[in-house]
$ cat work.pdb   # PDB, C-alpha atoms
MODEL        1
ATOM      1  CA  MET A 579     106.137 118.116  82.463
ATOM      2  CA  ASN A 580     108.294 116.720  85.229
ATOM      3  CA  GLY A 581     107.912 117.414  88.923
ATOM      4  CA  GLY A 582     111.518 116.446  89.609
ATOM      5  CA  ARG A 583     112.552 114.910  92.912
ATOM      6  CA  ALA A 584     109.644 114.597  95.348
ATOM      7  CA  LEU A 585     109.818 117.084  98.194
ATOM      8  CA  ILE A 586     108.619 116.871 101.771
ATOM      9  CA  LEU A 587     107.087 120.251 102.447
ATOM     10  CA  MET A 588     105.570 120.893 105.849
ATOM     11  CA  ALA A 589     104.342 124.452 105.250
ATOM     12  CA  TRP A 590     103.945 127.059 102.552
ATOM     13  CA  LYS A 591     104.756 130.748 102.809
ATOM     14  CA  ARG A 592     101.329 132.368 102.944
ATOM     15  CA  ALA A 593     100.282 136.014 102.825
ATOM     16  CA  LEU A 594      96.823 137.520 103.296
ATOM     17  CA  LEU A 595      96.194 139.863 100.379
ATOM     18  CA  GLU A 596      92.620 140.885 100.872
ATOM     19  CA  GLU A 597      89.684 140.489 103.261
ATOM     20  CA  ARG A 598      86.203 141.877 102.823
ATOM     21  CA  GLU A 599      82.880 141.601 104.628
ATOM     22  CA  VAL A 600      79.638 141.088 102.722
ATOM     23  CA  ARG A 601      76.476 141.886 104.681
ATOM     24  CA  THR A 602      73.315 140.160 103.428
ATOM     25  CA  SER A 603      69.824 139.274 104.634
ATOM     26  CA  GLU A 604      71.256 135.826 105.537
ATOM     27  CA  GLY A 605      74.021 137.223 107.694
ATOM     28  CA  THR A 606      77.561 138.494 107.314
ATOM     29  CA  PHE A 607      80.083 136.674 105.141
ATOM     30  CA  VAL A 608      83.842 137.170 104.875
ATOM     31  CA  ILE A 609      85.806 136.711 101.645
ATOM     32  CA  THR A 610      89.586 136.338 101.997
ATOM     33  CA  LEU A 611      92.279 136.109  99.334
ATOM     34  CA  GLU A 612      95.632 134.559 100.219
ATOM     35  CA  ARG A 613      98.798 133.990  98.227
ATOM     36  CA  GLU A 614     101.104 131.010  98.823
ATOM     37  CA  ASP A 615     104.657 130.556  97.593
ATOM     38  CA  LEU A 616     105.009 127.093  95.991
ATOM     39  CA  SER A 617     108.389 127.776  94.410
ATOM     40  CA  ALA A 618     109.827 124.773  96.254
ATOM     41  CA  LEU A 619     107.850 122.697  93.739
ATOM     42  CA  TYR A 620     108.274 124.802  90.587
ATOM     43  CA  PRO A 621     110.179 128.052  89.949
ATOM     44  CA  ASP A 622     108.090 131.097  90.902
ATOM     45  CA  MET A 623     104.888 129.083  91.326
ATOM     46  CA  GLU A 624     102.285 130.907  93.397
ATOM     47  CA  ARG A 625      98.846 129.695  94.434
ATOM     48  CA  TYR A 626      95.964 132.043  95.213
ATOM     49  CA  THR A 627      93.229 130.802  97.544
ATOM     50  CA  LEU A 628      89.880 132.542  97.750
ATOM     51  CA  THR A 629      87.737 131.510 100.734
ATOM     52  CA  LEU A 630      84.165 132.369 101.647
ATOM     53  CA  ARG A 631      83.222 131.971 105.321
ATOM     54  CA  ALA A 632      80.114 132.453 107.400
ATOM     55  CA  GLY A 633      81.459 132.817 110.909
ATOM     56  CA  LYS A 634      83.836 129.875 111.365
ATOM     57  CA  LYS A 635      82.122 127.812 108.667
ATOM     58  CA  GLU A 636      83.900 127.499 105.339
ATOM     59  CA  VAL A 637      81.260 127.893 102.626
ATOM     60  CA  ALA A 638      83.370 127.803  99.461
ATOM     61  CA  VAL A 639      87.006 127.690  98.328
ATOM     62  CA  PHE A 640      88.525 128.581  94.949
ATOM     63  CA  ARG A 641      92.190 128.044  94.100
ATOM     64  CA  THR A 642      94.289 128.975  91.094
ATOM     65  CA  ASN A 643      98.027 129.115  90.400
ATOM     66  CA  THR A 644     100.476 130.844  88.082
ATOM     67  CA  TYR A 645     101.282 127.720  86.042
ATOM     68  CA  GLU A 646      97.675 127.340  84.861
ATOM     69  CA  TYR A 647      97.884 130.268  82.447
ATOM     70  CA  SER A 648      99.563 130.009  79.060
ATOM     71  CA  PRO A 649     101.372 133.098  77.715
ATOM     72  CA  THR A 650      98.703 133.748  75.067
ATOM     73  CA  VAL A 651      95.606 133.838  77.302
ATOM     74  CA  GLY A 652      96.360 137.200  78.911
ATOM     75  CA  LEU A 653      95.258 136.115  82.389
ATOM     76  CA  ASP A 654      96.977 135.741  85.732
ATOM     77  CA  PRO A 655      95.838 134.020  88.945
ATOM     78  CA  SER A 656      95.607 137.211  90.984
ATOM     79  CA  SER A 657      93.154 138.912  88.623
ATOM     80  CA  VAL A 658      91.175 135.687  88.120
ATOM     81  CA  ALA A 659      90.805 135.192  91.896
ATOM     82  CA  ARG A 660      89.776 138.811  92.418
ATOM     83  CA  HIS A 661      87.203 138.539  89.641
ATOM     84  CA  ARG A 662      85.794 135.411  91.289
ATOM     85  CA  ALA A 663      85.585 137.351  94.574
ATOM     86  CA  LEU A 664      83.452 140.003  92.853
ATOM     87  CA  ILE A 665      81.129 137.313  91.468
ATOM     88  CA  TRP A 666      80.720 135.862  94.968
ATOM     89  CA  GLU A 667      80.041 139.272  96.465
ATOM     90  CA  GLU A 668      77.459 140.207  93.842
ATOM     91  CA  GLY A 669      75.759 136.810  94.095
ATOM     92  CA  LEU A 670      75.490 137.076  97.868
ATOM     93  CA  LYS A 671      74.047 140.577  97.698
ATOM     94  CA  ASP A 672      71.526 139.847  94.924
ATOM     95  CA  GLU A 673      70.114 136.392  95.779
ATOM     96  CA  PRO A 674      71.896 135.053  98.868
ATOM     97  CA  LEU A 675      69.823 131.885  99.328
ATOM     98  CA  ASP A 676      70.004 130.845  95.679
ATOM     99  CA  PHE A 677      73.699 131.671  95.486
ATOM    100  CA  LEU A 678      74.533 129.730  98.647
ATOM    101  CA  GLU A 679      72.613 126.738  97.300
ATOM    102  CA  TYR A 680      74.608 126.974  94.085
ATOM    103  CA  LEU A 681      77.905 127.088  95.984
ATOM    104  CA  GLY A 682      76.865 124.216  98.222
ATOM    105  CA  LYS A 683      76.314 121.747  95.412
ATOM    106  CA  GLU A 684      79.057 119.164  95.571
ATOM    107  CA  GLU A 685      80.470 117.744  92.394
ATOM    108  CA  THR A 686      80.007 113.985  92.298
ATOM    109  CA  ARG A 687      83.082 112.029  91.288
ATOM    110  CA  ARG A 688      82.763 108.435  90.234
ATOM    111  CA  PRO A 689      84.050 106.089  92.931
ATOM    112  CA  PRO A 690      87.231 104.190  92.055
ATOM    113  CA  ALA A 691      86.489 100.699  90.808
ATOM    114  CA  LEU A 692      89.934  99.149  91.266
ATOM    115  CA  SER A 693      90.868  96.802  94.082
ATOM    116  CA  LEU A 694      93.450  97.691  96.701
ATOM    117  CA  THR A 695      96.275  95.147  96.599
ATOM    118  CA  ASP A 696      99.771  94.602  97.965
ATOM    119  CA  VAL A 697     101.251  94.625  94.458
ATOM    120  CA  LEU A 698     100.177  96.692  91.459
ATOM    121  CA  VAL A 699     101.337  95.601  88.006
ATOM    122  CA  VAL A 700     101.019  98.080  85.134
ATOM    123  CA  GLN A 701     101.150  96.184  81.833
ATOM    124  CA  GLY A 702     102.070  99.034  79.522
ATOM    125  CA  SER A 703     101.851  97.258  76.179
ATOM    126  CA  PRO A 704      98.784  97.825  73.966
ATOM    127  CA  ARG A 705      99.060  94.120  73.055
ATOM    128  CA  ALA A 706      97.237  92.346  75.841
ATOM    129  CA  ASP A 707      98.524  88.942  74.674
ATOM    130  CA  GLY A 708     102.149  89.894  73.992
ATOM    131  CA  ASN A 709     105.427  89.421  75.800
ATOM    132  CA  CYS A 710     104.739  92.074  78.435
ATOM    133  CA  SER A 711     101.554  90.216  79.270
ATOM    134  CA  ILE A 712     103.627  87.062  79.773
ATOM    135  CA  LEU A 713     105.950  88.974  82.117
ATOM    136  CA  ALA A 714     102.966  90.350  84.030
ATOM    137  CA  GLY A 715     101.630  86.801  84.357
ATOM    138  CA  TRP A 716     104.899  85.569  85.846
ATOM    139  CA  VAL A 717     104.836  88.457  88.304
ATOM    140  CA  ALA A 718     101.253  87.747  89.375
ATOM    141  CA  GLU A 719     101.997  84.046  89.873
ATOM    142  CA  GLU A 720     105.055  84.781  91.992
ATOM    143  CA  VAL A 721     103.221  87.343  94.117
ATOM    144  CA  ARG A 722     100.326  84.976  94.803
ATOM    145  CA  ALA A 723     102.794  82.207  95.647
ATOM    146  CA  ALA A 724     104.222  84.541  98.293
ATOM    147  CA  GLY A 725     100.737  84.952  99.778
ATOM    148  CA  LYS A 726     100.283  88.545  98.649
ATOM    149  CA  SER A 727      97.454  90.152  96.684
ATOM    150  CA  VAL A 728      98.042  91.497  93.167
ATOM    151  CA  GLN A 729      96.224  93.096  90.253
ATOM    152  CA  VAL A 730      97.314  93.831  86.693
ATOM    153  CA  LEU A 731      96.271  97.075  84.973
ATOM    154  CA  TYR A 732      96.137  97.599  81.213
ATOM    155  CA  PRO A 733      96.262 101.374  80.556
ATOM    156  CA  ASP A 734      95.254 100.969  76.917
ATOM    157  CA  ASP A 735      91.968  99.388  78.003
ATOM    158  CA  MET A 736      91.235 102.133  80.518
ATOM    159  CA  GLU A 737      89.673 105.563  80.265
ATOM    160  CA  ILE A 738      92.691 107.740  81.069
ATOM    161  CA  HIS A 739      92.675 111.210  79.554
ATOM    162  CA  PRO A 740      96.141 112.519  78.684
ATOM    163  CA  CYS A 741      97.539 115.197  80.977
ATOM    164  CA  ILE A 742      97.073 118.654  79.455
ATOM    165  CA  GLY A 743      99.517 120.485  81.726
ATOM    166  CA  CYS A 744      96.798 122.688  83.233
ATOM    167  CA  TYR A 745      98.451 122.526  86.682
ATOM    168  CA  GLN A 746      95.085 122.658  88.428
ATOM    169  CA  CYS A 747      96.180 119.669  90.498
ATOM    170  CA  TYR A 748      98.558 122.060  92.270
ATOM    171  CA  ASN A 749      95.511 123.911  93.580
ATOM    172  CA  THR A 750      93.729 120.971  95.203
ATOM    173  CA  GLY A 751      95.868 117.836  94.832
ATOM    174  CA  ALA A 752      93.236 116.333  92.511
ATOM    175  CA  CYS A 753      93.119 116.115  88.727
ATOM    176  CA  THR A 754      90.552 118.104  86.787
ATOM    177  CA  PHE A 755      89.628 114.995  84.773
ATOM    178  CA  GLU A 756      87.232 112.455  86.275
ATOM    179  CA  ASP A 757      88.127 109.088  84.809
ATOM    180  CA  GLU A 758      89.680 105.747  85.746
ATOM    181  CA  MET A 759      92.908 107.419  86.811
ATOM    182  CA  GLU A 760      91.257 108.115  90.164
ATOM    183  CA  GLY A 761      91.227 104.387  90.820
ATOM    184  CA  VAL A 762      94.834 104.031  89.662
ATOM    185  CA  VAL A 763      95.973 106.691  92.148
ATOM    186  CA  ARG A 764      94.048 105.010  94.941
ATOM    187  CA  ALA A 765      95.624 101.655  94.041
ATOM    188  CA  LEU A 766      99.101 103.232  93.954
ATOM    189  CA  ARG A 767      98.586 104.661  97.433
ATOM    190  CA  SER A 768      97.689 101.207  98.734
ATOM    191  CA  ALA A 769     100.316  99.059  96.965
ATOM    192  CA  ARG A 770     103.700  98.370  98.499
ATOM    193  CA  LEU A 771     105.233  97.168  95.234
ATOM    194  CA  LEU A 772     104.716  98.664  91.785
ATOM    195  CA  VAL A 773     105.808  96.617  88.780
ATOM    196  CA  VAL A 774     105.913  98.346  85.394
ATOM    197  CA  CYS A 775     106.044  96.084  82.331
ATOM    198  CA  SER A 776     106.793  97.962  79.132
ATOM    199  CA  PRO A 777     107.941  97.329  75.582
ATOM    200  CA  VAL A 778     110.113  99.834  73.732
ATOM    201  CA  TYR A 779     108.020 101.941  71.354
ATOM    202  CA  THR A 780     110.107 104.378  69.272
ATOM    203  CA  SER A 781     112.806 104.248  71.954
ATOM    204  CA  THR A 782     110.437 104.980  74.859
ATOM    205  CA  VAL A 783     107.233 103.796  76.566
ATOM    206  CA  PRO A 784     103.920 103.355  74.691
ATOM    207  CA  SER A 785     101.427 106.233  74.735
ATOM    208  CA  GLY A 786      98.931 104.541  77.077
ATOM    209  CA  LEU A 787     101.565 104.016  79.744
ATOM    210  CA  LYS A 788     102.919 107.531  79.230
ATOM    211  CA  ALA A 789      99.418 108.956  79.807
ATOM    212  CA  LEU A 790      99.253 107.124  83.148
ATOM    213  CA  VAL A 791     102.733 108.346  84.077
ATOM    214  CA  ASP A 792     101.911 111.971  83.262
ATOM    215  CA  ARG A 793      98.591 111.899  85.108
ATOM    216  CA  CYS A 794     100.431 110.924  88.286
ATOM    217  CA  GLN A 795     101.433 114.584  88.548
ATOM    218  CA  ALA A 796      98.204 115.017  90.529
ATOM    219  CA  LEU A 797      99.418 112.406  93.011
ATOM    220  CA  HIS A 798     102.771 114.196  93.168
ATOM    221  CA  ALA A 799     100.928 117.396  94.075
ATOM    222  CA  ALA A 800      98.728 115.674  96.656
ATOM    223  CA  LEU A 801     101.715 114.043  98.357
ATOM    224  CA  ASN A 802     103.521 117.357  98.667
ATOM    225  CA  PHE A 803     100.457 119.221  99.934
ATOM    226  CA  THR A 804     100.023 116.664 102.727
ATOM    227  CA  GLY A 805     103.668 117.113 103.714
ATOM    228  CA  ARG A 806     104.576 113.516 102.860
ATOM    229  CA  GLY A 807     106.267 114.091  99.519
ATOM    230  CA  ARG A 808     106.426 110.375  98.733
ATOM    231  CA  LEU A 809     104.447 107.147  98.828
ATOM    232  CA  ARG A 810     105.163 105.343 102.081
ATOM    233  CA  GLY A 811     107.174 102.154 101.836
ATOM    234  CA  THR A 812     106.533 101.574  98.129
ATOM    235  CA  SER A 813     109.147  99.874  95.961
ATOM    236  CA  GLY A 814     109.272  99.757  92.175
ATOM    237  CA  LEU A 815     110.393  97.107  89.681
ATOM    238  CA  LEU A 816     110.853  97.655  85.931
ATOM    239  CA  LEU A 817     110.432  94.828  83.419
ATOM    240  CA  GLY A 818     111.198  95.842  79.835
ATOM    241  CA  VAL A 819     111.330  94.145  76.433
ATOM    242  CA  CYS A 820     112.555  95.386  73.071
ATOM    243  CA  GLY A 821     112.767  93.930  69.594
ATOM    244  CA  ARG A 822     116.347  94.815  68.716
ATOM    245  CA  LYS A 823     119.484  93.444  70.276
ATOM    246  CA  GLY A 824     121.439  95.609  72.681
ATOM    247  CA  ARG A 825     120.888  97.230  76.046
ATOM    248  CA  GLU A 826     121.217 100.666  74.447
ATOM    249  CA  ASN A 827     117.681 100.197  73.103
ATOM    250  CA  PHE A 828     116.408 100.842  76.659
ATOM    251  CA  ALA A 829     118.351 104.122  76.909
ATOM    252  CA  TYR A 830     115.163 106.217  76.907
ATOM    253  CA  LEU A 831     112.558 103.808  78.253
ATOM    254  CA  ALA A 832     114.333 103.074  81.533
ATOM    255  CA  PRO A 833     114.861 106.761  82.525
ATOM    256  CA  VAL A 834     111.176 107.556  81.883
ATOM    257  CA  VAL A 835     110.107 104.856  84.337
ATOM    258  CA  GLU A 836     112.879 105.738  86.795
ATOM    259  CA  VAL A 837     111.882 109.421  86.901
ATOM    260  CA  PHE A 838     108.203 108.459  87.206
ATOM    261  CA  MET A 839     109.000 106.394  90.303
ATOM    262  CA  GLU A 840     111.377 109.012  91.709
ATOM    263  CA  ASN A 841     108.677 111.662  91.313
ATOM    264  CA  LEU A 842     106.443 109.686  93.683
ATOM    265  CA  GLY A 843     109.212 108.649  96.066
ATOM    266  CA  ILE A 844     109.039 104.998  94.997
ATOM    267  CA  VAL A 845     112.242 103.167  95.953
ATOM    268  CA  PRO A 846     113.886 101.289  93.039
ATOM    269  CA  ALA A 847     113.861  97.515  93.561
ATOM    270  CA  GLY A 848     115.647  96.448  90.394
ATOM    271  CA  GLU A 849     114.979  95.879  86.719
ATOM    272  CA  VAL A 850     114.926  93.080  84.157
ATOM    273  CA  LEU A 851     115.514  94.243  80.585
ATOM    274  CA  ILE A 852     115.136  91.661  77.817
ATOM    275  CA  ASP A 853     116.331  92.539  74.308
ATOM    276  CA  GLY A 854     116.342  90.751  70.943
ATOM    277  CA  ILE A 855     112.668  89.766  71.076
ATOM    278  CA  ASP A 856     112.109  90.308  67.334
ATOM    279  CA  ARG A 857     114.109  87.205  66.419
ATOM    280  CA  VAL A 858     112.698  84.857  69.040
ATOM    281  CA  ARG A 859     109.158  86.323  69.119
ATOM    282  CA  ASP A 860     108.240  84.612  72.399
ATOM    283  CA  VAL A 861     110.028  85.527  75.625
ATOM    284  CA  ARG A 862     109.155  82.117  77.044
ATOM    285  CA  THR A 863     111.611  80.515  74.603
ATOM    286  CA  ILE A 864     114.615  82.435  75.950
ATOM    287  CA  PRO A 865     116.360  80.268  78.543
ATOM    288  CA  GLY A 866     116.558  81.715  82.031
ATOM    289  CA  GLN A 867     114.326  84.756  81.524
ATOM    290  CA  GLU A 868     111.367  83.444  83.510
ATOM    291  CA  GLY A 869     113.728  82.661  86.370
ATOM    292  CA  ARG A 870     115.224  86.168  86.223
ATOM    293  CA  VAL A 871     111.782  87.756  86.423
ATOM    294  CA  ARG A 872     110.574  85.559  89.260
ATOM    295  CA  GLU A 873     113.781  86.117  91.252
ATOM    296  CA  ALA A 874     113.467  89.889  90.746
ATOM    297  CA  VAL A 875     109.901  89.754  92.064
ATOM    298  CA  ARG A 876     110.944  87.744  95.121
ATOM    299  CA  ALA A 877     113.771  90.183  95.829
ATOM    300  CA  ALA A 878     111.447  93.168  95.433
ATOM    301  CA  LEU A 879     108.878  91.633  97.771
ATOM    302  CA  SER A 880     111.569  91.057 100.374
ATOM    303  CA  ILE A 881     112.418  94.766 100.549
ATOM    304  CA  SER A 882     108.842  96.041 100.153
ATOM    305  CA  ARG A 883     106.654  96.560 103.189
ATOM    306  CA  CYS A 884     103.876  94.247 102.066
ATOM    307  CA  PRO A 885     101.833  93.138 105.076
ATOM    308  CA  SER A 886     102.200  89.469 106.045
TER     309      SER A 886
ENDMDL
END

$ encode --input "work.pdb" --output "structure tokens"
Amino acid sequence: MNGGRALILMAWKRALLEEREVRTSEGTFVITLEREDLSALYPDMERYTLTLRAGKKEVAVFRTNTYEYSPTVGLDPSSVARHRALIWEEGLKDEPLDFLEYLGKEETRRPPALSLTDVLVVQGSPRADGNCSILAGWVAEEVRAAGKSVQVLYPDDMEIHPCIGCYQCYNTGACTFEDEMEGVVRALRSARLLVVCSPVYTSTVPSGLKALVDRCQALHAALNFTGRGRLRGTSGLLLGVCGRKGRENFAYLAPVVEVFMENLGIVPAGEVLIDGIDRVRDVRTIPGQEGRVREAVRAALSISRCPS
């Protein structure tokens, strides 16, 4: 799943499909069903929004979109939204107080535990003591020397559920899964420089890093729904290592990271790709590589909008 180039969308084409009044012992409620054209994000994507109001007060909202439904399930968003409207209407008529209490219960989401820093480093290797960890260490040292704040994330040590392509994030701008990815998104919004450190695994990025990349589709949706379409002032740096000799070994890894950054509107700030690691084993023994990494970090910081 790939959101493509981030878009700045200020408004959606919206049509009112249905409006009904429900009279109860607790007053009169209005249920509306609207359809929005989100085809600027994905071909023929439509979102249906069902809203329950008491006067001007919004009591409940339900959203669903065409991309949620696989071909084999036999459902579509229009019929699902209309069925939900019937459930709301029947609930209000039968037991209005109990039903309103049920609708009013807010789902509690665990608060993000990550810090908000100027620089976010994603160490994508499952080996916490390997060469990518060494690169991440050089980055952190250089950032701190510049007087900026930094944190290093290890996706393989985090609870990040793989994206299942449910497209529910295009209803609300939030992922259906409640895990540590919430903190990652919050940290991404705050950082002004993202550094991705990744080894080559079967010609691409490791699975833990790929899970983080895919789950950022929810952030892509949220950015477009707010009309921003991109993270503000964020730059991105790629640091990659591979065992075999030859730049062609990064032919698939680099585009994955590039498209990930492009999807969020992150401005490329360079890359350092180090090959032939299998023979030397330790990146610290390759002359000049530490200097290359540190210089790339300094250059990236100079074009990023990190506060002084």

$ resolve_selection --input "work.pdb" --expression "the PyMOL selection byres ((chain A and resi 715) around 12)" --output "JSON, numbers by chain"
{"A": [699, 700, 701, 706, 707, 708, 709, 710, 711, 712, 713, 714, 716, 717, 718, 719, 720, 721, 722, 728, 729, 730, 731, 773, 775, 817, 862, 868, 871, 872, 875]}

$ write_last_selection --input "work.pdb" --atoms "C-alpha atoms" --output "PDB file, in the coordinates of the input"
ATOM      1  CA  VAL A 699     101.337  95.601  88.006  1.00  0.00           C
ATOM      2  CA  VAL A 700     101.019  98.080  85.134  1.00  0.00           C
ATOM      3  CA  GLN A 701     101.150  96.184  81.833  1.00  0.00           C
ATOM      4  CA  ALA A 706      97.237  92.346  75.841  1.00  0.00           C
ATOM      5  CA  ASP A 707      98.524  88.942  74.674  1.00  0.00           C
ATOM      6  CA  GLY A 708     102.149  89.894  73.992  1.00  0.00           C
ATOM      7  CA  ASN A 709     105.427  89.421  75.800  1.00  0.00           C
ATOM      8  CA  CYS A 710     104.739  92.074  78.435  1.00  0.00           C
ATOM      9  CA  SER A 711     101.554  90.216  79.270  1.00  0.00           C
ATOM     10  CA  ILE A 712     103.627  87.062  79.773  1.00  0.00           C
ATOM     11  CA  LEU A 713     105.950  88.974  82.117  1.00  0.00           C
ATOM     12  CA  ALA A 714     102.966  90.350  84.030  1.00  0.00           C
ATOM     13  CA  TRP A 716     104.899  85.569  85.846  1.00  0.00           C
ATOM     14  CA  VAL A 717     104.836  88.457  88.304  1.00  0.00           C
ATOM     15  CA  ALA A 718     101.253  87.747  89.375  1.00  0.00           C
ATOM     16  CA  GLU A 719     101.997  84.046  89.873  1.00  0.00           C
ATOM     17  CA  GLU A 720     105.055  84.781  91.992  1.00  0.00           C
ATOM     18  CA  VAL A 721     103.221  87.343  94.117  1.00  0.00           C
ATOM     19  CA  ARG A 722     100.326  84.976  94.803  1.00  0.00           C
ATOM     20  CA  VAL A 728      98.042  91.497  93.167  1.00  0.00           C
ATOM     21  CA  GLN A 729      96.224  93.096  90.253  1.00  0.00           C
ATOM     22  CA  VAL A 730      97.314  93.831  86.693  1.00  0.00           C
ATOM     23  CA  LEU A 731      96.271  97.075  84.973  1.00  0.00           C
ATOM     24  CA  VAL A 773     105.808  96.617  88.780  1.00  0.00           C
ATOM     25  CA  CYS A 775     106.044  96.084  82.331  1.00  0.00           C
ATOM     26  CA  LEU A 817     110.432  94.828  83.419  1.00  0.00           C
ATOM     27  CA  ARG A 862     109.155  82.117  77.044  1.00  0.00           C
ATOM     28  CA  GLU A 868     111.367  83.444  83.510  1.00  0.00           C
ATOM     29  CA  VAL A 871     111.782  87.756  86.423  1.00  0.00           C
ATOM     30  CA  ARG A 872     110.574  85.559  89.260  1.00  0.00           C
ATOM     31  CA  VAL A 875     109.901  89.754  92.064  1.00  0.00           C
TER      32      VAL A 875
END

$ resolve_selection --input "work.pdb" --expression "the PyMOL selection byres ((chain A and resi 825) around 12)" --output "list in words"
Val778, Ser781, Gly818, Val819, Cys820, Gly821, Arg822, Lys823, Gly824, Glu826, Asn827, Phe828, Ala829, Tyr830, Leu831, Ala832, Val850, Leu851, Ile852, Asp853 and Gly854 of chain A

$ atom_distance --input "work.pdb" --atom1 "CA of Arg705 in chain A" --atom2 "CA of Asp860 in chain A"
13.2 Å

$ residues_around --input "work.pdb" --residues "range 648-652 of chain A" --least-positions-apart "2" --cutoff "10 Å" --atoms "all atoms listed in the file" --output "list in words"
Thr644, Tyr645, Glu646, Asp654, Gly743 and Cys744 of chain A

$ residues_around --input "work.pdb" --residues "Ala847 in chain A" --least-positions-apart "3" --cutoff "10 Å" --atoms "all atoms listed in the file" --output "VMD selection string"
chain A and resid 771 to 773 812 to 816 844 874 to 875 877 to 882

$ resolve_selection --input "work.pdb" --expression "the PyMOL selection byres ((chain A and resi 598) around 12)" --output "list in words"
Leu594, Leu595, Glu596, Glu597, Glu599, Val600, Arg601, Thr606, Phe607, Val608, Ile609, Thr610, Leu611, Leu628, Thr629, Leu630, Arg631, Arg660, Ala663, Leu664, Trp666 and Glu667 of chain A

$ residues_around --input "work.pdb" --residues "Asp622 in chain A" --least-positions-apart "4" --cutoff "12 Å" --atoms "all atoms listed in the file" --output "MDAnalysis selection string"
chainID A and resid 614:618 643:645

$ atom_distance --input "work.pdb" --atom1 "CA of His739 in chain A" --atom2 "CA of Arg770 in chain A"
25.4 Å

$ atom_distance --input "work.pdb" --atom1 "CA of Ala691 in chain A" --atom2 "CA of Gly761 in chain A"
6.0 Å

$ closest_residue --input "work.pdb" --among "A:Thr642, A:Thr627, A:Asn802, A:Gln867" --to "Gln746 in chain A" --atoms "all atoms listed in the file"
A:Thr642

$ residues_around --input "work.pdb" --residues "Leu790 in chain A" --least-positions-apart "3" --cutoff "8 Å" --atoms "only C-alpha atoms" --output "MDAnalysis selection string"
chainID A and resid 733 738 740 759 786:787 793:794

$ closest_residue --input "work.pdb" --among "A:Thr863, A:Thr780, A:Ser603, A:Ser703" --to "Pro674 in chain A" --atoms "all atoms listed in the file"
A:Ser603

$ residues_around --input "work.pdb" --residues "Leu678 in chain A" --least-positions-apart "3" --cutoff "10 Å" --atoms "all atoms listed in the file" --output "mmCIF file with C-alpha atoms, in the coordinates of the input"
data_model
loop_
_atom_site.group_PDB
_atom_site.id
_atom_site.type_symbol
_atom_site.label_atom_id
_atom_site.label_comp_id
_atom_site.auth_asym_id
_atom_site.auth_seq_id
_atom_site.Cartn_x
_atom_site.Cartn_y
_atom_site.Cartn_z
ATOM 1 C CA GLU A 604 71.256 135.826 105.537
ATOM 2 C CA VAL A 637 81.260 127.893 102.626
ATOM 3 C CA ALA A 638 83.370 127.803 99.461
ATOM 4 C CA TRP A 666 80.720 135.862 94.968
ATOM 5 C CA GLY A 669 75.759 136.810 94.095
ATOM 6 C CA LEU A 670 75.490 137.076 97.868
ATOM 7 C CA GLU A 673 70.114 136.392 95.779
ATOM 8 C CA PRO A 674 71.896 135.053 98.868
ATOM 9 C CA LEU A 675 69.823 131.885 99.328
ATOM 10 C CA LEU A 681 77.905 127.088 95.984
ATOM 11 C CA GLY A 682 76.865 124.216 98.222
ATOM 12 C CA LYS A 683 76.314 121.747 95.412
#

$ closest_residue --input "work.pdb" --among "A:Glu849, A:Glu873, A:Glu737, A:Glu624" --to "Asp757 in chain A" --atoms "all atoms listed in the file"
A:Glu737

$ decode --input "work.pdb" --residues "range 819-833 of chain A" --atoms "C-alpha atoms" --output "PDB file, in the first residue's frame"
ATOM      1  CA  VAL A 819      24.688  -0.774   5.279  1.00  0.00           C
ATOM      2  CA  CYS A 820      24.880  -4.005   3.314  1.00  0.00           C
ATOM      3  CA  GLY A 821      27.068  -7.080   3.423  1.00  0.00           C
ATOM      4  CA  ARG A 822      27.951  -7.404  -0.249  1.00  0.00           C
ATOM      5  CA  LYS A 823      30.073  -5.069  -2.299  1.00  0.00           C
ATOM      6  CA  GLY A 824      28.394  -2.742  -4.760  1.00  0.00           C
ATOM      7  CA  ARG A 825      25.949   0.133  -4.650  1.00  0.00           C
ATOM      8  CA  GLU A 826      23.426  -1.936  -6.607  1.00  0.00           C
ATOM      9  CA  ASN A 827      22.715  -3.824  -3.373  1.00  0.00           C
ATOM     10  CA  PHE A 828      20.792  -0.735  -2.172  1.00  0.00           C
ATOM     11  CA  ALA A 829      18.630  -0.684  -5.321  1.00  0.00           C
ATOM     12  CA  TYR A 830      15.483  -1.645  -3.390  1.00  0.00           C
ATOM     13  CA  LEU A 831      16.232  -0.425   0.124  1.00  0.00           C
ATOM     14  CA  ALA A 832      16.833   3.207  -0.821  1.00  0.00           C
ATOM     15  CA  PRO A 833      13.561   3.640  -2.812  1.00  0.00           C
TER      16      PRO A 833
END
